[in-house]
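> So here's start_35.cif (mmCIF, C-alpha atoms).
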```cif
data_protein
#
loop_
_atom_site.label_atom_id
_atom_site.label_comp_id
_atom_site.auth_asym_id
_atom_site.auth_seq_id
_atom_site.Cartn_x
_atom_site.Cartn_y
_atom_site.Cartn_z
CA MET H 1 185.43 11.01 195.48
CA PRO H 2 183.25 13.60 197.32
CA VAL H 3 185.58 16.49 196.52
CA LYS H 4 185.39 15.75 192.81
CA ASN H 5 181.60 15.49 192.99
CA ARG H 6 181.34 18.89 194.65
CA PHE H 7 183.52 20.50 192.03
CA ALA H 8 181.48 18.89 189.28
CA GLU H 9 178.49 20.68 190.81
CA LEU H 10 180.43 23.94 190.98
CA LEU H 11 181.83 23.61 187.44
CA PRO H 12 179.28 25.90 185.69
CA GLU H 13 179.84 28.64 188.28
CA ILE H 14 183.64 28.37 188.23
CA THR H 15 183.58 28.29 184.42
CA GLU H 16 181.57 31.50 184.43
CA TRP H 17 184.20 33.13 186.68
CA ARG H 18 186.99 31.91 184.42
CA ARG H 19 185.40 33.21 181.24
CA ASP H 20 184.71 36.59 182.80
CA LEU H 21 188.40 36.84 183.72
CA HIS H 22 189.30 35.76 180.19
CA GLU H 23 187.25 38.61 178.72
CA HIS H 24 189.04 41.16 180.90
CA PRO H 25 192.78 40.37 180.83
CA GLU H 26 195.21 42.60 182.69
CA ILE H 27 198.98 42.68 182.28
CA LEU H 28 201.76 42.52 184.90
CA PHE H 29 200.84 44.56 188.01
CA ASP H 30 197.82 46.21 186.39
CA THR H 31 195.55 43.45 187.69
CA VAL H 32 193.25 45.90 189.43
CA ARG H 33 189.91 44.56 188.18
CA THR H 34 191.02 40.94 188.60
CA ALA H 35 192.24 41.55 192.16
CA GLY H 36 188.94 43.28 192.95
CA VAL H 37 186.93 40.32 191.66
CA VAL H 38 189.07 37.90 193.67
CA ALA H 39 188.83 39.92 196.90
CA GLU H 40 185.07 40.31 196.54
CA LYS H 41 184.56 36.57 196.11
CA LEU H 42 186.87 35.66 198.99
CA ARG H 43 184.89 37.93 201.30
CA ALA H 44 181.64 36.43 200.06
CA PHE H 45 182.99 32.93 200.75
CA GLY H 46 183.55 33.92 204.39
CA CYS H 47 187.35 34.05 204.59
CA GLU H 48 188.50 35.20 208.03
CA GLU H 49 190.81 37.75 206.46
CA VAL H 50 191.21 39.21 202.96
CA VAL H 51 194.18 41.48 202.35
CA GLU H 52 194.75 43.42 199.15
CA GLY H 53 197.83 45.27 197.91
CA ILE H 54 200.48 42.69 198.77
CA GLY H 55 203.10 42.74 196.03
CA ARG H 56 201.36 45.88 194.71
CA THR H 57 198.16 44.24 193.45
CA GLY H 58 198.26 40.78 195.01
CA VAL H 59 195.44 39.39 197.15
CA VAL H 60 195.67 37.01 200.11
CA GLY H 61 192.77 35.21 201.79
CA VAL H 62 192.90 33.33 205.10
CA ILE H 63 190.63 30.31 205.76
CA LYS H 64 190.73 28.61 209.15
CA GLY H 65 189.84 24.96 209.52
CA ARG H 66 187.26 23.35 211.78
CA GLU H 67 190.21 22.89 214.12
CA THR H 68 193.48 24.83 214.25
CA GLY H 69 195.32 22.95 216.99
CA SER H 70 197.82 21.51 214.54
CA GLY H 71 199.28 24.99 214.06
CA LYS H 72 199.91 24.15 210.40
CA VAL H 73 199.62 26.86 207.75
CA ILE H 74 199.65 26.01 204.04
CA GLY H 75 199.83 28.50 201.17
CA LEU H 76 198.14 27.84 197.81
CA ARG H 77 199.14 30.17 194.99
CA ALA H 78 197.60 31.13 191.64
CA ASP H 79 198.77 33.80 189.17
CA MET H 80 196.36 36.41 187.78
CA ASP H 81 198.09 38.31 184.95
CA ALA H 82 197.71 38.03 181.19
CA LEU H 83 200.08 38.54 178.25
CA PRO H 84 200.52 41.35 175.69
CA ILE H 85 199.19 39.19 172.85
CA HIS H 86 196.33 39.88 170.43
CA GLU H 87 193.84 37.03 170.83
CA GLN H 88 192.94 34.96 167.76
CA THR H 89 190.59 32.34 169.23
CA GLY H 90 187.28 33.71 167.91
CA LEU H 91 185.61 32.76 171.21
CA ASP H 92 182.41 34.50 172.21
CA TYR H 93 184.17 35.37 175.47
CA ALA H 94 187.44 36.46 173.84
CA SER H 95 189.46 39.34 175.23
CA LYS H 96 187.77 42.72 175.14
CA THR H 97 191.12 44.44 175.66
CA ASP H 98 193.08 45.01 172.48
CA GLY H 99 196.60 43.64 172.71
CA ALA H 100 196.03 41.70 175.92
CA MET H 101 195.08 38.04 176.28
CA HIS H 102 195.01 35.23 178.82
CA ALA H 103 197.33 33.16 176.64
CA CYS H 104 198.86 31.20 179.53
CA GLY H 105 195.77 30.10 181.43
CA HIS H 106 196.16 32.29 184.49
CA ASP H 107 192.43 32.94 184.22
CA GLY H 108 191.98 29.21 184.78
CA HIS H 109 194.47 29.09 187.64
CA THR H 110 192.71 31.96 189.41
CA ALA H 111 189.26 30.43 188.87
CA MET H 112 190.38 27.01 190.13
CA LEU H 113 191.88 28.43 193.31
CA LEU H 114 188.74 30.50 193.87
CA GLY H 115 186.72 27.30 193.48
CA ALA H 116 188.92 25.54 196.01
CA ALA H 117 188.62 28.52 198.38
CA LYS H 118 184.82 28.39 198.15
CA TYR H 119 184.79 24.66 198.93
CA LEU H 120 187.27 24.98 201.81
CA SER H 121 185.28 27.87 203.26
CA GLU H 122 182.11 25.75 203.10
CA THR H 123 183.51 22.56 204.60
CA ARG H 124 186.39 23.62 206.89
CA ASN H 125 187.29 19.92 207.00
CA PHE H 126 190.91 20.42 208.05
CA ASP H 127 193.00 21.17 211.14
CA GLY H 128 195.03 24.30 210.46
CA THR H 129 194.96 27.39 208.28
CA VAL H 130 194.92 27.86 204.51
CA VAL H 131 196.34 30.98 202.91
CA VAL H 132 195.16 31.43 199.32
CA ILE H 133 197.57 33.61 197.33
CA PHE H 134 196.57 35.42 194.15
CA GLN H 135 199.66 36.88 192.53
CA PRO H 136 200.13 39.55 189.85
CA ALA H 137 202.96 39.87 187.33
CA GLU H 138 204.12 36.30 186.87
CA GLU H 139 204.85 36.98 183.19
CA GLY H 140 208.19 38.70 183.66
CA GLY H 141 207.31 41.20 186.38
CA GLY H 142 208.38 39.18 189.40
CA GLY H 143 205.13 39.50 191.31
CA GLY H 144 206.01 36.48 193.41
CA ARG H 145 209.26 38.12 194.46
CA GLU H 146 207.41 41.33 195.39
CA MET H 147 204.84 39.46 197.50
CA CYS H 148 207.66 37.73 199.37
CA GLU H 149 209.55 41.01 199.81
CA ASP H 150 206.36 42.47 201.30
CA GLY H 151 206.74 39.89 204.08
CA MET H 152 203.83 37.68 203.03
CA MET H 153 205.32 34.42 204.31
CA GLU H 154 206.06 35.82 207.77
CA ARG H 155 202.90 37.90 208.05
CA PHE H 156 200.60 34.92 207.49
CA GLY H 157 202.87 32.29 209.05
CA ILE H 158 203.03 30.20 205.87
CA GLN H 159 204.99 26.97 206.41
CA GLU H 160 204.57 25.26 203.03
CA VAL H 161 203.43 26.54 199.65
CA TYR H 162 201.98 24.81 196.57
CA GLY H 163 201.42 25.96 192.99
CA MET H 164 199.86 24.62 189.79
CA HIS H 165 200.02 25.31 186.05
CA ASN H 166 197.92 23.95 183.21
CA TRP H 167 199.83 22.05 180.52
CA PRO H 168 198.73 21.61 176.89
CA GLY H 169 199.62 18.18 175.51
CA LEU H 170 198.98 16.46 178.84
CA ALA H 171 195.60 14.69 178.98
CA THR H 172 192.89 16.87 180.48
CA GLY H 173 192.79 16.55 184.26
CA GLN H 174 195.90 14.39 184.49
CA PHE H 175 198.96 15.51 186.46
CA ALA H 176 202.75 15.58 186.09
CA ILE H 177 205.48 16.69 188.49
CA ARG H 178 209.21 16.35 189.09
CA GLU H 179 211.43 16.71 192.13
CA GLY H 180 214.30 19.20 192.21
CA ALA H 181 215.05 21.66 189.43
CA PHE H 182 211.90 21.91 187.33
CA PHE H 183 211.61 25.30 185.56
CA ALA H 184 214.68 27.20 184.36
CA ALA H 185 216.31 30.35 185.61
CA THR H 186 215.36 33.08 183.16
CA ASP H 187 217.71 36.02 182.70
CA ILE H 188 217.24 38.89 180.27
CA PHE H 189 219.76 41.11 178.52
CA GLU H 190 220.09 44.14 176.26
CA ILE H 191 223.06 44.75 173.95
CA THR H 192 223.78 48.13 172.37
CA VAL H 193 226.29 48.24 169.50
CA GLU H 194 227.65 51.66 168.58
CA GLY H 195 229.41 51.97 165.25
CA ARG H 196 229.83 54.80 162.77
CA GLY H 197 226.91 55.30 160.46
CA GLY H 198 227.07 56.38 156.86
CA HIS H 199 225.98 55.85 153.28
CA ALA H 200 225.26 52.26 152.28
CA ALA H 201 227.29 52.78 149.08
CA LYS H 202 230.41 53.66 151.09
CA PRO H 203 230.74 50.94 153.80
CA HIS H 204 234.50 51.55 154.02
CA ASP H 205 233.78 54.93 155.56
CA THR H 206 231.65 53.38 158.29
CA ILE H 207 231.86 50.95 161.17
CA ASP H 208 228.84 48.84 160.35
CA SER H 209 226.91 48.18 163.56
CA THR H 210 224.65 45.74 161.71
CA VAL H 211 227.58 43.49 160.79
CA VAL H 212 228.87 43.66 164.37
CA ALA H 213 225.43 42.71 165.69
CA ALA H 214 225.16 39.80 163.25
CA HIS H 215 228.50 38.39 164.46
CA ILE H 216 227.35 38.72 168.08
CA VAL H 217 224.11 36.84 167.29
CA THR H 218 226.07 33.99 165.70
CA ALA H 219 228.77 33.87 168.36
CA ALA H 220 226.23 33.87 171.21
CA GLN H 221 225.15 30.41 170.09
CA SER H 222 228.65 29.12 170.79
CA ILE H 223 227.96 29.51 174.52
CA ALA H 224 225.60 26.53 174.52
CA ALA H 225 227.41 24.72 171.69
CA ARG H 226 231.04 25.12 172.80
CA ASN H 227 231.29 26.58 176.33
CA ALA H 228 228.63 24.71 178.30
CA ASP H 229 229.00 21.04 179.20
CA PRO H 230 226.83 19.18 176.67
CA VAL H 231 224.89 17.45 179.47
CA GLU H 232 223.80 20.83 180.89
CA ASN H 233 220.62 22.63 179.86
CA VAL H 234 221.38 26.03 178.33
CA VAL H 235 219.41 28.22 175.93
CA VAL H 236 220.63 31.61 174.65
CA SER H 237 218.17 33.45 172.42
CA ILE H 238 218.45 36.84 170.71
CA THR H 239 214.81 37.80 170.34
CA SER H 240 214.87 41.39 169.07
CA ILE H 241 217.17 43.42 166.77
CA GLU H 242 216.50 47.08 165.97
CA SER H 243 218.73 49.59 164.22
CA SER H 244 218.74 53.37 164.52
CA SER H 245 217.87 53.66 160.83
CA LYS H 246 214.99 52.18 158.83
CA ALA H 247 216.26 53.41 155.45
CA PHE H 248 217.43 51.20 152.58
CA ASN H 249 220.52 53.29 151.91
CA VAL H 250 221.84 54.03 155.41
CA ILE H 251 224.28 52.01 157.46
CA PRO H 252 223.00 52.62 161.00
CA GLN H 253 224.99 54.21 163.77
CA ARG H 254 223.48 51.96 166.42
CA VAL H 255 221.89 48.53 166.78
CA GLU H 256 220.03 47.41 169.89
CA MET H 257 219.34 43.76 170.71
CA LYS H 258 217.36 41.98 173.38
CA GLY H 259 217.36 38.38 174.46
CA THR H 260 217.07 35.78 177.16
CA VAL H 261 219.22 33.10 178.77
CA ARG H 262 217.73 29.93 180.29
CA THR H 263 219.76 27.69 182.58
CA MET H 264 219.21 24.98 185.17
CA SER H 265 222.18 25.52 187.50
CA PRO H 266 224.01 28.44 189.16
CA GLU H 267 227.24 27.39 187.43
CA MET H 268 225.72 27.63 183.96
CA ARG H 269 224.07 30.92 184.86
CA ASP H 270 227.47 32.38 185.79
CA LEU H 271 229.09 30.92 182.68
CA CYS H 272 226.48 32.39 180.32
CA GLU H 273 226.72 35.88 181.76
CA THR H 274 230.51 35.85 181.67
CA ARG H 275 230.81 34.45 178.15
CA LEU H 276 228.15 36.72 176.68
CA GLY H 277 229.96 39.74 178.10
CA ALA H 278 233.26 38.60 176.59
CA ILE H 279 231.65 37.95 173.20
CA VAL H 280 229.96 41.35 173.07
CA GLU H 281 233.08 43.25 174.07
CA GLY H 282 235.50 41.22 171.95
CA ILE H 283 233.53 41.22 168.70
CA ALA H 284 232.77 44.92 168.92
CA ALA H 285 236.44 45.71 169.51
CA SER H 286 237.52 43.56 166.58
CA PHE H 287 235.45 45.75 164.24
CA GLY H 288 236.41 49.05 165.88
CA ALA H 289 232.95 49.47 167.39
CA THR H 290 231.86 49.67 171.01
CA ALA H 291 229.16 47.62 172.67
CA THR H 292 227.53 47.42 176.09
CA LEU H 293 225.74 44.53 177.75
CA GLU H 294 223.06 45.01 180.39
CA TYR H 295 222.42 41.61 181.96
CA VAL H 296 219.60 41.16 184.49
CA ARG H 297 219.21 38.02 186.57
CA ASN H 298 215.48 37.59 186.60
CA TYR H 299 213.74 34.41 187.85
CA PRO H 300 215.88 31.77 189.58
CA VAL H 301 215.61 28.05 188.92
CA MET H 302 212.34 26.75 190.33
CA VAL H 303 213.18 23.83 192.62
CA ASN H 304 210.56 21.43 193.97
CA HIS H 305 211.29 20.17 197.49
CA ALA H 306 211.52 16.38 197.85
CA GLU H 307 209.01 15.68 200.63
CA GLN H 308 206.39 18.08 199.31
CA THR H 309 206.81 16.77 195.75
CA ASP H 310 206.15 13.21 196.90
CA PHE H 311 203.10 14.40 198.80
CA ALA H 312 201.78 16.45 195.86
CA ALA H 313 202.18 13.46 193.55
CA ASP H 314 200.30 11.22 196.01
CA VAL H 315 197.44 13.73 196.08
CA ALA H 316 197.40 13.85 192.28
CA ARG H 317 197.13 10.05 192.15
CA ALA H 318 194.21 10.19 194.59
CA VAL H 319 192.46 12.71 192.34
CA ALA H 320 193.32 11.41 188.86
CA GLY H 321 194.57 7.85 189.37
CA ASP H 322 198.09 8.62 188.18
CA CYS H 323 200.82 11.25 188.19
CA ALA H 324 203.45 11.32 185.46
CA GLU H 325 207.09 12.35 185.65
CA ALA H 326 207.20 15.86 184.17
CA PRO H 327 209.99 16.93 181.83
CA LEU H 328 212.44 19.70 182.57
CA VAL H 329 210.95 23.00 181.40
CA MET H 330 213.21 25.75 180.04
CA GLY H 331 210.47 28.31 180.58
CA GLY H 332 210.62 30.45 183.70
CA GLU H 333 208.23 30.49 186.65
CA ASP H 334 208.38 33.06 189.42
CA PHE H 335 206.81 30.66 191.91
CA ALA H 336 210.54 29.95 192.29
CA PHE H 337 210.76 32.91 194.67
CA MET H 338 208.15 31.39 196.97
CA LEU H 339 209.89 28.01 196.89
CA GLU H 340 213.12 29.75 197.93
CA GLU H 341 211.28 31.11 200.99
CA ARG H 342 209.35 27.97 201.99
CA PRO H 343 209.32 24.24 201.15
CA GLY H 344 206.68 23.26 198.66
CA ALA H 345 205.95 21.90 195.20
CA TYR H 346 204.60 22.92 191.81
CA ILE H 347 202.54 20.57 189.63
CA LEU H 348 201.21 20.51 186.06
CA VAL H 349 197.56 19.73 185.29
CA GLY H 350 196.63 18.60 181.80
CA ASN H 351 194.93 21.04 179.43
CA GLY H 352 194.40 18.47 176.69
CA ASP H 353 195.04 18.89 172.98
CA THR H 354 195.10 22.69 172.80
CA ALA H 355 197.44 25.32 171.40
CA MET H 356 200.55 25.78 173.52
CA VAL H 357 200.63 28.53 176.11
CA HIS H 358 201.70 31.98 174.82
CA HIS H 359 200.04 31.27 171.46
CA PRO H 360 197.26 33.62 170.20
CA GLU H 361 194.93 30.63 169.71
CA TYR H 362 195.47 29.15 173.17
CA ASN H 363 192.53 28.74 175.56
CA PHE H 364 192.30 27.24 179.03
CA ASN H 365 190.30 24.01 179.03
CA ASP H 366 187.40 24.33 181.47
CA ASP H 367 187.13 20.55 181.66
CA ALA H 368 190.33 20.61 183.75
CA ILE H 369 188.66 22.65 186.50
CA PRO H 370 187.28 19.78 188.67
CA ALA H 371 190.66 18.01 188.77
CA GLY H 372 192.57 21.21 189.54
CA CYS H 373 190.19 22.30 192.27
CA SER H 374 190.16 18.81 193.76
CA TRP H 375 193.96 18.76 193.93
CA TRP H 376 193.99 22.07 195.83
CA ALA H 377 191.34 20.85 198.27
CA GLU H 378 193.00 17.47 198.81
CA ILE H 379 196.37 19.12 199.45
CA VAL H 380 194.73 20.85 202.41
CA GLU H 381 192.60 17.98 203.74
CA LYS H 382 195.36 15.35 203.45
CA ARG H 383 198.13 17.59 204.79
CA MET H 384 196.07 18.90 207.70
CA PRO H 385 193.55 16.15 208.52
CA VAL H 386 191.00 16.65 211.27
CA GLY H 387 191.49 14.36 214.25
#
```
Would you kindly transcribe this structure into C-alpha cells?

Amino acid sequence: MPVKNRFAELLPEITEWRRDLHEHPEILFDTVRTAGVVAEKLRAFGCEEVVEGIGRTGVVGVIKGRETGSGKVIGLRADMDALPIHEQTGLDYASKTDGAMHACGHDGHTAMLLGAAKYLSETRNFDGTVVVIFQPAEEGGGGGREMCEDGMMERFGIQEVYGMHNWPGLATGQFAIREGAFFAATDIFEITVEGRGGHAAKPHDTIDSTVVAAHIVTAAQSIAARNADPVENVVVSITSIESSSKAFNVIPQRVEMKGTVRTMSPEMRDLCETRLGAIVEGIAASFGATATLEYVRNYPVMVNHAEQTDFAADVARAVAGDCAEAPLVMGGEDFAFMLEERPGAYILVGNGDTAMVHHPEYNFNDDAIPAGCSWWAEIVEKRMPVG
C-alpha cells in the first residue's frame, strides 16, 4: 500500500522524533518543551494554522485537503504527557529527567501523529479538513476535558474525532477495537480517619485509627463482591495508606488513604460512591472515630460510537489485514471527554511483547510506527475521499 511505503521511508525520521521525546518526558500540563517541538514541526510541515495553549499546553494543527467542498472536518488526537516513574530500561535514549518517564507510549503516539501530519501536508489527497490534536495531561489531569472546555470542537468545526493507543501483548502493528463502552470510568477518593492517638502499650486509652482504616480497606472490597451485580465490571482499590505517626510505639491520631474506583456504567458509578461513603461513615462510628470521604468523579466511561468504530476497524483491516475484538479495559482514558462531544472511535495498535504500560521497563516499539501512521492517514483519505 503506498501509504505504508511512505511511512517506511519516514520511519528513521519519525523514530528520531520519538526517541527525542522519550529523552525529555514532561508530566501532566508541564508539556512545554513537547508542545514547542510539536508546534515547530507542524509549522514546518505547512499546516494552514497552528494554535498553541488550548487546554493550557495543548497544540492544534489544521491541514486542508486538495479539495474542501465536502465540508467535512475530522479530528485526530494524540496525548503528549509522561508519568512520574523512574525509568529502568537502560536505553541509550532513556529519560534525562529524574522521576519522569514515557512509560505509557505517549511519545510514540505523538510521533506517529506528527508523521501522519507530515504525510497529509505533503499529499493533501483528501476532500475536507484535518485537525491534528496534541493533548497534555492524559495521565490523570484531564487535559482532554480542558481542551474541550476551551471550545476546541466548535472553534475548529470538528465533526468526528479518532484516537489511538499502543498495546503491549498485541502483535506489533496489529489492531484491536470494540464498540460501545471500552475504557472504564475512573474516579478517585481520599479518606481521612480521625481517632485518638496514644501510647502503643495502652490501646484501651486510644481510638486506634489504624484499626479503623484496616476495617475500611477490607469492607471496601465488599462493594464489588457483595453490592454490585456479579455481571458488572467494578474495581475498588485502596492504593495508599499513611498515618500521622511513623514511630513503633505510637498509635496514630490520623490515617489518610487514597484509592480509585473503576466502573463501566453510570449505575455502578453511583452505587460505588454511595456504598463507599456508607462504609467509611459506619465503620468509623462503630469504633468511636470520625472519618471523611472526598470522592471525585474523574474520567467518564470511554464509549466508541458504532458507525465510527466499524469504519475504524475497516481502515485497520486495510492497513494490517485484520482487526481483533478488543477486551474491556478497566484503565481510564480521557479521550472519553472528546467522544462525549463528538462521534468517533479509539483503537489499539500492537506494541508486541514488551513490558506493560506504566511499568519502569516499558518502551514504545518503533516498529509499530508505520502501521499507526498509516491508520491515521487512511482514516482521513477513506473518510474524505477526493472526487
> Pick from H:Glu179, H:Asp208, H:Arg383, H:Gly197: nearest to H:His305, with all atoms listed in the file counted?
H:Glu179
> Just say which residues the PyMOL selection byres ((chain H and resi 291) around 7) picks in this file, as an MDAnalysis selection string.
chainID H and resid 191:194 280:281 284 289:290 292:293
> Apply the PyMOL selection byres ((chain H and resi 156) around 10) to the structure shown and report the selected residues as a count of residues only.
17
> Closest to H:Met338 among H:Pro168, H:Gly142, H:Pro266, H:Gly173, using all atoms listed in the file?
H:Gly142
> Taking the file as shown, what set of residues would the PyMOL selection byres ((chain H and resi 106-116) around 7) give back, as a list in words?
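Those residues are Ile14, Trp17, Arg18, Leu21, His22, Ala78, Asp79, Met80, Asp81, Ala82, His102, Cys104, Gly105, Ala117, Lys118, Tyr119, Leu120, His165, Phe364, Ile369, Gly372, Cys373, Trp376 and Ala377 of chain H.
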> Using Å and a single decimal, report how far atom CA of H:Glu273 sits from atom CA of H:Gly163.
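One can read the atom CA of H:Gly163 to atom CA of H:Glu273 distance as 29.4 Å.
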> Considering all atoms listed in the file, state which residue in the set H:Pro84, H:Gly144, H:Gly169, H:Pro12 is at the smallest distance from H:Ala355.
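Of H:Pro84, H:Gly144, H:Gly169, H:Pro12, the one nearest H:Ala355 is H:Gly169, counting all atoms listed in the file.
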> For H:Asp98, please output as a PDB file with C-alpha atoms, in the frame of the given file all residues within 7 Å (counting only C-alpha atoms; exclusion window: fewer than 2 positions along the same chain).

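And here is the file that came out, out23.pdb:
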```pdb
ATOM      1  CA  HIS H  86     196.330  39.880 170.430  1.00  0.00           C
ATOM      2  CA  LYS H  96     187.770  42.720 175.140  1.00  0.00           C
ATOM      3  CA  ALA H 100     196.030  41.700 175.920  1.00  0.00           C
TER       4      ALA H 100
END
```
> Excluding H:Val303 and residues on its chain fewer than 6 positions from it, collect all residues at most 9 Å away from it, counting all atoms listed in the file, and give them as a PyMOL selection string.
chain H and resi 179-183+336+339-340+344-346
> Around the point (187.5, 21.9, 212.1) in the file's coordinates, collect all residues with an atom within 6 Å, using only C-alpha atoms, and return them as a compact mmCIF listing (two decimals) with C-alpha atoms, keeping the file's coordinate frame.

```
# COMPACT_ATOMS: atom_id res chain seq x y z
CA GLY H 65 189.84 24.96 209.52
CA ARG H 66 187.26 23.35 211.78
CA GLU H 67 190.21 22.89 214.12
CA ARG H 124 186.39 23.62 206.89
CA ASN H 125 187.29 19.92 207.00
CA PHE H 126 190.91 20.42 208.05
CA ASP H 127 193.00 21.17 211.14
```
> What does the distance from atom CA of H:Ala176 to atom CA of H:Phe337 come to in Å, to one decimal?
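Those two atoms sit 20.9 Å apart.
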> Using only C-alpha atoms, find the one residue out of H:Gln135, H:Asn363, H:Ser209, H:Thr97 that sits nearest to H:Ser286.
H:Ser209
